[in-house]
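Coordinates as given in model.cif (mmCIF, C-alpha atoms):
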data_entry
loop_
_atom_site.group_PDB
_atom_site.id
_atom_site.type_symbol
_atom_site.label_atom_id
_atom_site.label_comp_id
_atom_site.auth_asym_id
_atom_site.auth_seq_id
_atom_site.Cartn_x
_atom_site.Cartn_y
_atom_site.Cartn_z
ATOM 1 C CA MET A 1 4.717 -51.781 48.899
ATOM 2 C CA ARG A 2 4.393 -48.006 48.906
ATOM 3 C CA ARG A 3 4.732 -46.439 45.413
ATOM 4 C CA LYS A 4 7.579 -44.004 45.041
ATOM 5 C CA GLY A 5 6.665 -40.630 43.394
ATOM 6 C CA PHE A 6 8.749 -38.218 41.303
ATOM 7 C CA THR A 7 11.575 -36.406 43.000
ATOM 8 C CA LEU A 8 11.808 -32.627 42.676
ATOM 9 C CA ILE A 9 14.799 -32.956 40.363
ATOM 10 C CA GLU A 10 12.949 -35.331 38.057
ATOM 11 C CA LEU A 11 9.975 -32.993 37.919
ATOM 12 C CA LEU A 12 12.205 -30.035 37.084
ATOM 13 C CA VAL A 13 13.891 -32.018 34.309
ATOM 14 C CA VAL A 14 10.505 -32.895 32.772
ATOM 15 C CA ILE A 15 9.398 -29.255 32.937
ATOM 16 C CA ALA A 16 12.669 -28.164 31.342
ATOM 17 C CA ILE A 17 12.241 -30.674 28.494
ATOM 18 C CA ILE A 18 8.687 -29.486 27.861
ATOM 19 C CA ALA A 19 9.873 -25.860 27.850
ATOM 20 C CA VAL A 20 12.596 -26.663 25.299
ATOM 21 C CA LEU A 21 10.090 -28.459 23.052
ATOM 22 C CA ILE A 22 7.701 -25.507 23.203
ATOM 23 C CA ALA A 23 10.561 -23.128 22.401
ATOM 24 C CA LEU A 24 11.419 -25.247 19.377
ATOM 25 C CA LEU A 25 7.827 -25.572 18.183
ATOM 26 C CA LEU A 26 6.699 -21.940 18.546
ATOM 27 C CA PRO A 27 8.866 -20.506 15.735
ATOM 28 C CA ALA A 28 7.693 -23.290 13.432
ATOM 29 C CA VAL A 29 4.047 -22.569 14.283
ATOM 30 C CA GLN A 30 4.542 -18.817 13.795
ATOM 31 C CA SER A 31 6.326 -19.445 10.500
ATOM 32 C CA ALA A 32 3.469 -21.646 9.295
ATOM 33 C CA ARG A 33 0.924 -19.012 10.281
ATOM 34 C CA GLU A 34 2.853 -16.287 8.443
ATOM 35 C CA ALA A 35 3.086 -18.513 5.373
ATOM 36 C CA ALA A 36 -0.695 -18.907 5.441
ATOM 37 C CA ARG A 37 -1.181 -15.149 5.869
ATOM 38 C CA ARG A 38 1.197 -14.440 3.005
ATOM 39 C CA ALA A 39 -0.654 -16.911 0.786
ATOM 40 C CA GLN A 40 -3.932 -15.103 1.534
ATOM 41 C CA CYS A 41 -2.256 -11.784 0.736
ATOM 42 C CA VAL A 42 -1.042 -13.197 -2.589
ATOM 43 C CA ASN A 43 -4.584 -14.329 -3.371
ATOM 44 C CA ASN A 44 -5.950 -10.854 -2.580
ATOM 45 C CA LEU A 45 -3.458 -9.250 -4.958
ATOM 46 C CA LYS A 46 -4.271 -11.806 -7.632
ATOM 47 C CA GLN A 47 -7.974 -10.959 -7.360
ATOM 48 C CA ILE A 48 -7.252 -7.223 -7.569
ATOM 49 C CA ALA A 49 -5.047 -7.710 -10.637
ATOM 50 C CA LEU A 50 -7.744 -9.803 -12.315
ATOM 51 C CA ALA A 51 -10.335 -7.139 -11.457
ATOM 52 C CA MET A 52 -8.082 -4.516 -13.056
ATOM 53 C CA HIS A 53 -7.878 -6.585 -16.243
ATOM 54 C CA ASN A 54 -11.613 -7.224 -16.295
ATOM 55 C CA TYR A 55 -12.122 -3.467 -16.038
ATOM 56 C CA HIS A 56 -9.593 -2.979 -18.847
ATOM 57 C CA ASP A 57 -11.432 -5.490 -21.053
ATOM 58 C CA THR A 58 -14.708 -3.635 -20.474
ATOM 59 C CA VAL A 59 -13.581 -0.008 -20.642
ATOM 60 C CA GLY A 60 -10.379 -0.194 -22.675
ATOM 61 C CA SER A 61 -8.025 1.067 -19.971
ATOM 62 C CA PHE A 62 -7.095 0.531 -16.363
ATOM 63 C CA PRO A 63 -9.231 2.541 -13.900
ATOM 64 C CA PRO A 64 -8.136 6.050 -12.886
ATOM 65 C CA GLN A 65 -6.133 6.545 -9.729
ATOM 66 C CA SER A 66 -8.554 9.294 -8.753
ATOM 67 C CA ILE A 67 -10.929 11.747 -10.349
ATOM 68 C CA ASN A 68 -9.558 15.115 -9.315
ATOM 69 C CA PHE A 69 -8.249 18.247 -10.957
ATOM 70 C CA ASP A 70 -4.785 19.563 -11.734
ATOM 71 C CA ILE A 71 -5.114 22.689 -9.588
ATOM 72 C CA GLY A 72 -6.664 22.866 -6.132
ATOM 73 C CA TYR A 73 -7.299 19.147 -5.924
ATOM 74 C CA GLY A 74 -11.014 19.531 -6.515
ATOM 75 C CA GLY A 75 -13.171 16.711 -7.835
ATOM 76 C CA THR A 76 -15.145 13.770 -6.532
ATOM 77 C CA TRP A 77 -12.063 11.745 -5.488
ATOM 78 C CA PHE A 78 -13.501 8.429 -6.552
ATOM 79 C CA GLY A 79 -10.804 6.132 -7.881
ATOM 80 C CA TRP A 80 -9.656 2.630 -8.700
ATOM 81 C CA THR A 81 -10.745 1.078 -5.389
ATOM 82 C CA GLN A 82 -14.353 1.958 -6.202
ATOM 83 C CA MET A 83 -14.201 1.382 -9.972
ATOM 84 C CA ILE A 84 -13.298 -2.305 -9.682
ATOM 85 C CA LEU A 85 -15.894 -3.134 -7.015
ATOM 86 C CA PRO A 86 -18.276 -4.920 -9.438
ATOM 87 C CA THR A 87 -15.499 -7.335 -10.463
ATOM 88 C CA MET A 88 -14.545 -7.847 -6.811
ATOM 89 C CA GLU A 89 -18.035 -9.207 -6.076
ATOM 90 C CA GLN A 90 -18.961 -5.942 -4.362
ATOM 91 C CA GLY A 91 -21.798 -4.887 -6.660
ATOM 92 C CA PRO A 92 -24.136 -3.660 -3.884
ATOM 93 C CA LEU A 93 -21.416 -1.385 -2.452
ATOM 94 C CA TYR A 94 -20.649 -0.046 -5.930
ATOM 95 C CA ASN A 95 -24.349 0.707 -6.429
ATOM 96 C CA SER A 96 -24.336 2.625 -3.134
ATOM 97 C CA CYS A 97 -21.693 5.057 -4.417
ATOM 98 C CA ASN A 98 -22.954 8.491 -5.401
ATOM 99 C CA PHE A 99 -20.355 9.317 -8.048
ATOM 100 C CA SER A 100 -21.751 12.808 -8.636
ATOM 101 C CA VAL A 101 -20.443 14.218 -5.334
ATOM 102 C CA ASN A 102 -17.262 14.027 -3.268
ATOM 103 C CA ILE A 103 -16.693 10.657 -1.659
ATOM 104 C CA TYR A 104 -16.530 11.974 1.905
ATOM 105 C CA LEU A 105 -19.706 14.081 1.743
ATOM 106 C CA SER A 106 -22.890 12.915 3.483
ATOM 107 C CA ALA A 107 -24.226 11.175 0.374
ATOM 108 C CA ASN A 108 -21.355 8.682 0.659
ATOM 109 C CA TYR A 109 -20.415 8.954 4.323
ATOM 110 C CA PRO A 110 -20.654 6.672 6.238
ATOM 111 C CA THR A 111 -22.267 4.011 3.999
ATOM 112 C CA VAL A 112 -19.490 3.970 1.402
ATOM 113 C CA TYR A 113 -16.596 5.664 3.124
ATOM 114 C CA LEU A 114 -16.634 3.435 6.206
ATOM 115 C CA ALA A 115 -17.314 0.127 4.414
ATOM 116 C CA GLN A 116 -14.729 -2.598 5.058
ATOM 117 C CA ILE A 117 -13.718 -4.916 2.230
ATOM 118 C CA GLY A 118 -11.961 -8.146 3.152
ATOM 119 C CA GLY A 119 -10.248 -8.459 -0.229
ATOM 120 C CA TYR A 120 -8.457 -5.147 0.367
ATOM 121 C CA LEU A 121 -6.865 -6.277 3.658
ATOM 122 C CA CYS A 122 -3.631 -8.164 4.290
ATOM 123 C CA PRO A 123 -3.958 -10.622 7.206
ATOM 124 C CA SER A 124 -0.360 -9.959 8.282
ATOM 125 C CA ASP A 125 -1.271 -6.377 9.154
ATOM 126 C CA ASP A 126 -3.292 -5.488 12.258
ATOM 127 C CA SER A 127 -5.557 -2.997 10.497
ATOM 128 C CA ASP A 128 -8.905 -4.780 10.260
ATOM 129 C CA LYS A 129 -10.762 -2.103 12.201
ATOM 130 C CA ARG A 130 -12.315 1.322 11.940
ATOM 131 C CA LEU A 131 -9.551 3.922 11.890
ATOM 132 C CA THR A 132 -10.085 7.167 13.804
ATOM 133 C CA ASP A 133 -6.873 9.012 12.939
ATOM 134 C CA ARG A 134 -7.035 9.375 9.158
ATOM 135 C CA TRP A 135 -5.731 12.590 7.671
ATOM 136 C CA TRP A 136 -7.473 13.631 4.461
ATOM 137 C CA ALA A 137 -4.612 14.428 2.116
ATOM 138 C CA THR A 138 -5.628 17.483 0.122
ATOM 139 C CA ILE A 139 -3.693 20.680 -0.319
ATOM 140 C CA THR A 140 -6.696 22.762 0.716
ATOM 141 C CA ASP A 141 -7.647 20.727 3.789
ATOM 142 C CA LEU A 142 -4.444 19.602 5.493
ATOM 143 C CA GLY A 143 -5.802 19.321 9.005
ATOM 144 C CA ARG A 144 -8.945 17.285 8.401
ATOM 145 C CA VAL A 145 -8.858 14.180 10.623
ATOM 146 C CA ILE A 146 -11.721 11.764 10.041
ATOM 147 C CA ASP A 147 -12.649 8.128 10.527
ATOM 148 C CA GLY A 148 -11.954 5.703 7.730
ATOM 149 C CA SER A 149 -11.742 2.052 6.744
ATOM 150 C CA PRO A 150 -8.451 0.293 6.065
ATOM 151 C CA LEU A 151 -6.680 -0.590 2.816
ATOM 152 C CA ASN A 152 -3.484 -2.600 2.425
ATOM 153 C CA TYR A 153 -2.966 -2.413 -1.323
ATOM 154 C CA ILE A 154 -1.894 0.579 -3.402
ATOM 155 C CA THR A 155 -1.272 1.169 -7.092
ATOM 156 C CA SER A 156 2.097 1.833 -8.709
ATOM 157 C CA TRP A 157 2.734 5.505 -9.345
ATOM 158 C CA GLY A 158 6.091 4.711 -10.950
ATOM 159 C CA ASP A 159 9.547 5.967 -10.021
ATOM 160 C CA MET A 160 8.257 9.401 -9.031
ATOM 161 C CA LYS A 161 9.892 12.010 -6.814
ATOM 162 C CA THR A 162 8.308 12.993 -3.517
ATOM 163 C CA GLY A 163 10.938 15.396 -2.206
ATOM 164 C CA SER A 164 12.757 12.668 -0.262
ATOM 165 C CA ILE A 165 16.450 12.013 0.139
ATOM 166 C CA PHE A 166 16.051 9.233 -2.442
ATOM 167 C CA ASP A 167 14.815 11.458 -5.298
ATOM 168 C CA TYR A 168 18.141 11.150 -7.094
ATOM 169 C CA THR A 169 17.171 7.594 -8.134
ATOM 170 C CA SER A 170 14.001 8.760 -9.935
ATOM 171 C CA GLY A 171 13.607 8.618 -13.689
ATOM 172 C CA GLU A 172 11.920 12.047 -13.708
ATOM 173 C CA GLY A 173 15.235 13.779 -14.308
ATOM 174 C CA ASN A 174 15.064 17.489 -13.504
ATOM 175 C CA GLN A 175 11.277 17.491 -13.202
ATOM 176 C CA PHE A 176 9.273 17.266 -9.993
ATOM 177 C CA THR A 177 5.616 17.092 -10.930
ATOM 178 C CA TRP A 178 3.859 14.791 -8.450
ATOM 179 C CA GLY A 179 2.555 13.121 -11.615
ATOM 180 C CA CYS A 180 0.136 15.951 -12.379
ATOM 181 C CA GLY A 181 -1.035 16.394 -15.949
ATOM 182 C CA LYS A 182 -0.432 12.682 -16.655
ATOM 183 C CA THR A 183 3.301 12.974 -16.100
ATOM 184 C CA PHE A 184 3.236 9.944 -13.778
ATOM 185 C CA ARG A 185 5.638 7.236 -14.912
ATOM 186 C CA GLY A 186 3.725 4.233 -13.594
ATOM 187 C CA LEU A 187 0.336 2.855 -14.573
ATOM 188 C CA PHE A 188 -1.537 5.143 -12.160
ATOM 189 C CA GLY A 189 -1.356 8.770 -11.104
ATOM 190 C CA GLU A 190 -3.481 11.558 -9.686
ATOM 191 C CA CYS A 191 -4.121 15.302 -10.110
ATOM 192 C CA SER A 192 -4.606 14.488 -13.798
ATOM 193 C CA ARG A 193 -8.395 14.821 -14.151
ATOM 194 C CA GLY A 194 -8.886 11.062 -14.033
ATOM 195 C CA ALA A 195 -6.218 10.270 -16.641
ATOM 196 C CA VAL A 196 -5.829 6.561 -17.360
ATOM 197 C CA THR A 197 -3.369 4.211 -19.023
ATOM 198 C CA GLY A 198 -3.750 0.943 -20.869
ATOM 199 C CA ILE A 199 -1.715 -2.107 -21.760
ATOM 200 C CA ALA A 200 -0.668 -0.477 -25.038
ATOM 201 C CA GLU A 201 1.180 2.200 -23.050
ATOM 202 C CA CYS A 202 3.040 -0.404 -21.004
ATOM 203 C CA THR A 203 5.931 -0.686 -23.475
ATOM 204 C CA ASP A 204 8.333 -2.046 -20.851
ATOM 205 C CA GLY A 205 6.251 -5.230 -20.892
ATOM 206 C CA THR A 206 3.465 -6.260 -18.574
ATOM 207 C CA SER A 207 5.658 -8.865 -16.861
ATOM 208 C CA ASN A 208 8.173 -6.121 -16.005
ATOM 209 C CA THR A 209 5.744 -3.501 -14.706
ATOM 210 C CA LEU A 210 4.152 -3.256 -11.267
ATOM 211 C CA ILE A 211 0.434 -2.601 -11.012
ATOM 212 C CA VAL A 212 -0.400 -3.035 -7.284
ATOM 213 C CA GLY A 213 1.672 -3.572 -4.126
ATOM 214 C CA GLU A 214 1.375 -3.391 -0.354
ATOM 215 C CA ASN A 215 1.135 -0.592 2.196
ATOM 216 C CA SER A 216 -0.335 -0.306 5.690
ATOM 217 C CA PRO A 217 -2.623 2.136 7.538
ATOM 218 C CA ASN A 218 -0.228 1.660 10.458
ATOM 219 C CA LEU A 219 2.534 3.160 8.308
ATOM 220 C CA ASN A 220 0.494 5.708 6.350
ATOM 221 C CA GLY A 221 -1.699 8.173 8.241
ATOM 222 C CA GLY A 222 -3.863 8.982 5.227
ATOM 223 C CA LEU A 223 -4.439 5.506 3.870
ATOM 224 C CA THR A 224 -8.066 4.382 3.583
ATOM 225 C CA TRP A 225 -9.855 2.430 0.900
ATOM 226 C CA ALA A 226 -11.858 5.546 0.001
ATOM 227 C CA ASN A 227 -8.991 8.079 -0.204
ATOM 228 C CA PRO A 228 -7.246 7.672 -3.579
ATOM 229 C CA ASP A 229 -4.836 10.512 -2.798
ATOM 230 C CA ALA A 230 -2.979 8.244 -0.369
ATOM 231 C CA ASN A 231 -3.328 4.852 -2.035
ATOM 232 C CA ALA A 232 -0.553 5.005 -4.628
ATOM 233 C CA GLY A 233 3.157 4.455 -4.154
ATOM 234 C CA THR A 234 6.508 5.361 -5.697
ATOM 235 C CA THR A 235 9.383 2.936 -6.131
ATOM 236 C CA VAL A 236 11.891 5.706 -5.373
ATOM 237 C CA ILE A 237 11.427 5.141 -1.618
ATOM 238 C CA PRO A 238 13.160 1.858 -0.669
ATOM 239 C CA LEU A 239 10.891 -1.143 -0.188
ATOM 240 C CA ASN A 240 9.727 -1.543 3.430
ATOM 241 C CA TRP A 241 10.973 1.896 4.488
ATOM 242 C CA MET A 242 9.258 2.034 7.867
ATOM 243 C CA THR A 243 7.196 5.111 8.788
ATOM 244 C CA LYS A 244 6.053 3.888 12.196
ATOM 245 C CA LEU A 245 6.233 7.054 14.299
ATOM 246 C CA LYS A 246 2.769 8.249 15.303
ATOM 247 C CA ASP A 247 1.657 11.672 16.560
ATOM 248 C CA GLY A 248 3.813 12.862 19.460
ATOM 249 C CA GLN A 249 6.539 10.256 18.951
ATOM 250 C CA SER A 250 10.023 11.454 18.129
ATOM 251 C CA GLU A 251 13.337 10.375 16.681
ATOM 252 C CA ASN A 252 16.640 12.236 16.898
ATOM 253 C CA GLY A 253 14.850 15.215 18.436
ATOM 254 C CA GLN A 254 12.270 15.447 15.659
ATOM 255 C CA VAL A 255 8.690 15.185 16.918
ATOM 256 C CA CYS A 256 5.969 13.880 14.627
ATOM 257 C CA ASN A 257 3.368 16.581 15.239
ATOM 258 C CA PRO A 258 -0.029 16.264 13.510
ATOM 259 C CA ASP A 259 0.203 19.450 11.449
ATOM 260 C CA GLY A 260 0.999 20.561 7.917
ATOM 261 C CA SER A 261 4.679 21.145 8.662
ATOM 262 C CA ILE A 262 5.459 17.440 8.302
ATOM 263 C CA LEU A 263 2.978 16.570 5.561
ATOM 264 C CA VAL A 264 5.643 16.890 2.853
ATOM 265 C CA ASN A 265 9.006 17.222 4.557
ATOM 266 C CA SER A 266 12.245 15.377 3.814
ATOM 267 C CA GLY A 267 13.410 15.902 7.395
ATOM 268 C CA TYR A 268 10.895 13.577 9.070
ATOM 269 C CA PRO A 269 11.666 10.264 7.341
ATOM 270 C CA HIS A 270 9.829 7.942 9.752
ATOM 271 C CA CYS A 271 6.612 9.853 10.573
ATOM 272 C CA TYR A 272 3.495 8.047 9.411
ATOM 273 C CA ARG A 273 1.815 11.284 8.320
ATOM 274 C CA ASN A 274 4.721 12.395 6.114
ATOM 275 C CA TYR A 275 3.684 11.738 2.513
ATOM 276 C CA THR A 276 7.248 12.251 1.376
ATOM 277 C CA TYR A 277 8.020 8.788 2.728
ATOM 278 C CA ASN A 278 4.710 6.970 3.137
ATOM 279 C CA PHE A 279 3.761 7.217 -0.567
ATOM 280 C CA ALA A 280 5.646 3.949 -0.965
ATOM 281 C CA PHE A 281 5.383 0.181 -0.766
ATOM 282 C CA LYS A 282 5.809 -1.460 2.622
ATOM 283 C CA SER A 283 4.461 -4.437 4.520
ATOM 284 C CA PHE A 284 4.806 -6.463 7.702
ATOM 285 C CA HIS A 285 5.920 -9.582 5.845
ATOM 286 C CA PRO A 286 9.478 -10.450 6.904
ATOM 287 C CA GLY A 287 12.032 -9.425 4.300
ATOM 288 C CA GLY A 288 9.877 -7.831 1.617
ATOM 289 C CA ALA A 289 6.391 -7.401 0.179
ATOM 290 C CA ASN A 290 3.992 -8.923 -2.344
ATOM 291 C CA PHE A 291 3.324 -7.255 -5.693
ATOM 292 C CA ALA A 292 0.954 -7.847 -8.576
ATOM 293 C CA PHE A 293 2.392 -7.215 -12.029
ATOM 294 C CA ALA A 294 0.567 -5.885 -15.061
ATOM 295 C CA ASP A 295 0.415 -9.374 -16.572
ATOM 296 C CA GLY A 296 -1.623 -10.574 -13.588
ATOM 297 C CA SER A 297 1.183 -12.486 -11.876
ATOM 298 C CA VAL A 298 2.041 -11.981 -8.203
ATOM 299 C CA LYS A 299 5.598 -12.056 -6.869
ATOM 300 C CA PHE A 300 7.352 -11.467 -3.563
ATOM 301 C CA LEU A 301 10.067 -8.820 -3.868
ATOM 302 C CA LYS A 302 12.852 -8.735 -1.304
ATOM 303 C CA GLN A 303 13.477 -5.450 0.477
ATOM 304 C CA THR A 304 17.129 -5.752 -0.550
ATOM 305 C CA ILE A 305 16.177 -5.359 -4.223
ATOM 306 C CA ASN A 306 18.525 -3.095 -6.178
ATOM 307 C CA ALA A 307 17.142 0.459 -6.397
ATOM 308 C CA ARG A 308 17.696 0.655 -10.162
ATOM 309 C CA THR A 309 15.803 -2.612 -10.709
ATOM 310 C CA TYR A 310 13.008 -1.554 -8.361
ATOM 311 C CA ASN A 311 12.526 1.753 -10.178
ATOM 312 C CA ALA A 312 12.590 -0.018 -13.543
ATOM 313 C CA LEU A 313 9.696 -2.203 -12.371
ATOM 314 C CA GLY A 314 7.789 0.940 -11.394
ATOM 315 C CA SER A 315 7.964 2.710 -14.744
ATOM 316 C CA ARG A 316 5.686 1.594 -17.571
ATOM 317 C CA ALA A 317 7.719 2.984 -20.474
ATOM 318 C CA GLY A 318 11.204 3.772 -19.188
ATOM 319 C CA GLY A 319 12.952 1.443 -21.603
ATOM 320 C CA GLU A 320 15.019 -0.214 -18.875
ATOM 321 C CA VAL A 321 16.361 -3.719 -19.291
ATOM 322 C CA ILE A 322 15.654 -6.075 -16.364
ATOM 323 C CA SER A 323 17.478 -9.398 -16.179
ATOM 324 C CA ALA A 324 15.572 -12.496 -15.177
ATOM 325 C CA ASP A 325 17.666 -12.966 -12.028
ATOM 326 C CA ALA A 326 17.316 -9.364 -10.794
ATOM 327 C CA LEU A 327 14.156 -9.962 -8.760
#
Written as structure tokens, that's how I'd like the structure from this file.
Amino acid sequence: MRRKGFTLIELLVVIAIIAVLIALLLPAVQSAREAARRAQCVNNLKQIALAMHNYHDTVGSFPPQSINFDIGYGGTWFGWTQMILPTMEQGPLYNSCNFSVNIYLSANYPTVYLAQIGGYLCPSDDSDKRLTDRWWATITDLGRVIDGSPLNYITSWGDMKTGSIFDYTSGEGNQFTWGCGKTFRGLFGECSRGAVTGIAECTDGTSNTLIVGENSPNLNGGLTWANPDANAGTTVIPLNWMTKLKDGQSENGQVCNPDGSILVNSGYPHCYRNYTYNFAFKSFHPGGANFAFADGSVKFLKQTINARTYNALGSRAGGEVISADAL
């Protein structure tokens, strides 16, 4: 007897069932992959926090944000990302650093400047590559575009003003200092001749003070592992405030041109070269970002966190009271 095959309708039904199953499975697979990426990101932050504490145990303070001067932004520009290399199992790279000259001069470029460090990269961010659009962020050299290597983690500058529309939430009051002269309210700050802080100055409590959080080279046009001027963040800018617009892209008639006019400008809130808004914490994790605290713990903060609570976590000695259920 001749065997009867599938009819067209039966075949279509089978295909439809398979399509529905795939549609149901894909989100679960993507969710599992993101969970794995987030776990790796948490581990990276944990290692950085431990490296910070190992440095503190050896030197007596946390490393400097950067070694530069109050006026003119001169200096060698080495900072925390280089200082903790020996405790990040990167001793050979640390030994390659010529700390007597500027980090982007020939003595350090490209061997040091273009090195890529896996522990400084978040797997949820597509930035594991050589970057060719980095803008060196100094007052005297606004237009310098160079190659660089990525970094996804930045230190906490505190609840500092940047000239944004959110400055009113800052604890600086009537001041606007950019943290110069060690006026930064977090554990790290620049233009202070390498000024440092220690646990003793963290009077808000180490479990209530941020030390390192997330950022992205795709959202910050100056961010590289070797440029400490761009690898700190304020909690005044809301968490996950997206600065995705690249050179030539526009929003509401405002074009993100690669020039000094948008470097510090409150009117270009989503340009990735505008330091007014990209000196902040942001990630590609859905709903928030990972942070390491000064006690070495790592927590995921939701992007809906209350601004007052967020700023309180940024300051090291603001005297704010944070309830246990505020995070």
>> Running the PyMOL selection byres ((chain A and resi 322) around 8) on this model by hand, what would come out? Give it as an MDAnalysis selection string.
In response: chainID A and resid 208 309 312 320:321 323:324 326
> Any idea what the distance is between atom CA of Thr234 of chain A and atom CA of Asp128 of chain A?
Replying inline: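 One can read the atom CA of Thr234 of chain A to atom CA of Asp128 of chain A distance as 24.4 Å.
Going from atom CA of Gly173 of chain A to atom CA of Asp229 of chain A covers 23.4 Å.
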>> Applying the PyMOL selection byres ((chain A and resi 158-172) around 10) to the file I just gave you, which residues come out? Please list them as a VMD selection string.
In response: chain A and resid 155 to 157 173 to 179 183 to 189 209 to 211 232 to 238 264 to 269 275 to 280 307 to 308 310 to 318
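Taking atom CA of Pro286 of chain A as the reference point, atom CA of Trp80 of chain A is found at 27.9 Å.
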> Do you know which residues the PyMOL selection byres ((chain A and resi 249-259) around 8) returns on this file, as an NGL selection string?
Replying inline: :A and (142-143 or 245-248 or 260-263 or 268 or 271 or 273)
> Which residue out of A:Val298, A:Cys122, A:Leu85, A:Ile117 has the minimum interatomic distance to Ser207 of chain A when all atoms listed in the file are used?
Replying inline: A:Val298
Determine, using only C-alpha atoms, which residues of segment 210-289 of chain A have any atom at most 8 Å from an atom of segment 26-50 of chain A, and tabulate each with its shortest atom pair and distance in Å to one decimal place, rows ordered by chain and then rising number, as a Markdown table.
| residue | atom | partner | partner_atom | distance |
| --- | --- | --- | --- | --- |
| A:Ile211 | CA | A:Ala49 | CA | 7.5 |
| A:Val212 | CA | A:Leu45 | CA | 7.3 |
| A:Gly213 | CA | A:Leu45 | CA | 7.7 |
| A:His285 | CA | A:Arg38 | CA | 7.3 |
As JSON, please report the centre and edge lengths, rounded to one decimal in Å, of the axis-aligned box that holds all listed atoms of segment 9-13 of chain A with 3 Å of padding on each of the six sides.
{"center_x": 12.4, "center_y": -32.7, "center_z": 37.3, "size_x": 10.8, "size_y": 11.3, "size_z": 12.1}
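Residues surrounding Ile146 of chain A within 12 Å are Tyr104, Leu105, Tyr109, Pro110, Tyr113, Leu114, Arg130, Leu131, Thr132, Asp133, Arg134, Trp135, Trp136, Ala137, Asp141, Leu142, Gly221, Gly222, Leu223, Thr224, Ala226 and Asn227 of chain A [all atoms listed in the file; sequence separation below 4 positions excluded].
With distances taken over all atoms listed in the file, A:Gln82 is the one residue among A:Asn274, A:Thr111, A:Asn54, A:Gln82 lying closest to Pro228 of chain A.
Comparing A:Glu89, A:Asp325, A:Glu10, A:Asp125 by their smallest distance to Leu151 of chain A, the closest is A:Asp125 (using all atoms listed in the file).
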> Quick one: residues within 7 Å of Thr206 of chain A, all atoms listed in the file counted, chain neighbours fewer than 3 positions away excluded, as a list in words?
Replying inline: Cys202, Thr209, Phe293, Ala294 and Asp295 of chain A
> Skipping near chain neighbours, those fewer than 5 positions away, what residues fall within 8 Å of Leu239 of chain A using all atoms listed in the file, listed as a PyMOL selection string?
Replying inline: chain A and resi 280-282+288-289+302-305
> Which polymer residues have any atom within 7 Å of an atom of Cys97 of chain A, counting only C-alpha atoms, with same-chain residues fewer than 2 positions away left out, as an MDAnalysis selection string?
Replying inline: chainID A and resid 93:95 99 108 112
> With all atoms listed in the file as the basis for distance, which of A:Ser66, A:Asn290, A:Tyr272, A:Ile103 is at the shortest distance from Cys180 of chain A?
Replying inline: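 Under the stated criterion, the closest residue is A:Ser66.
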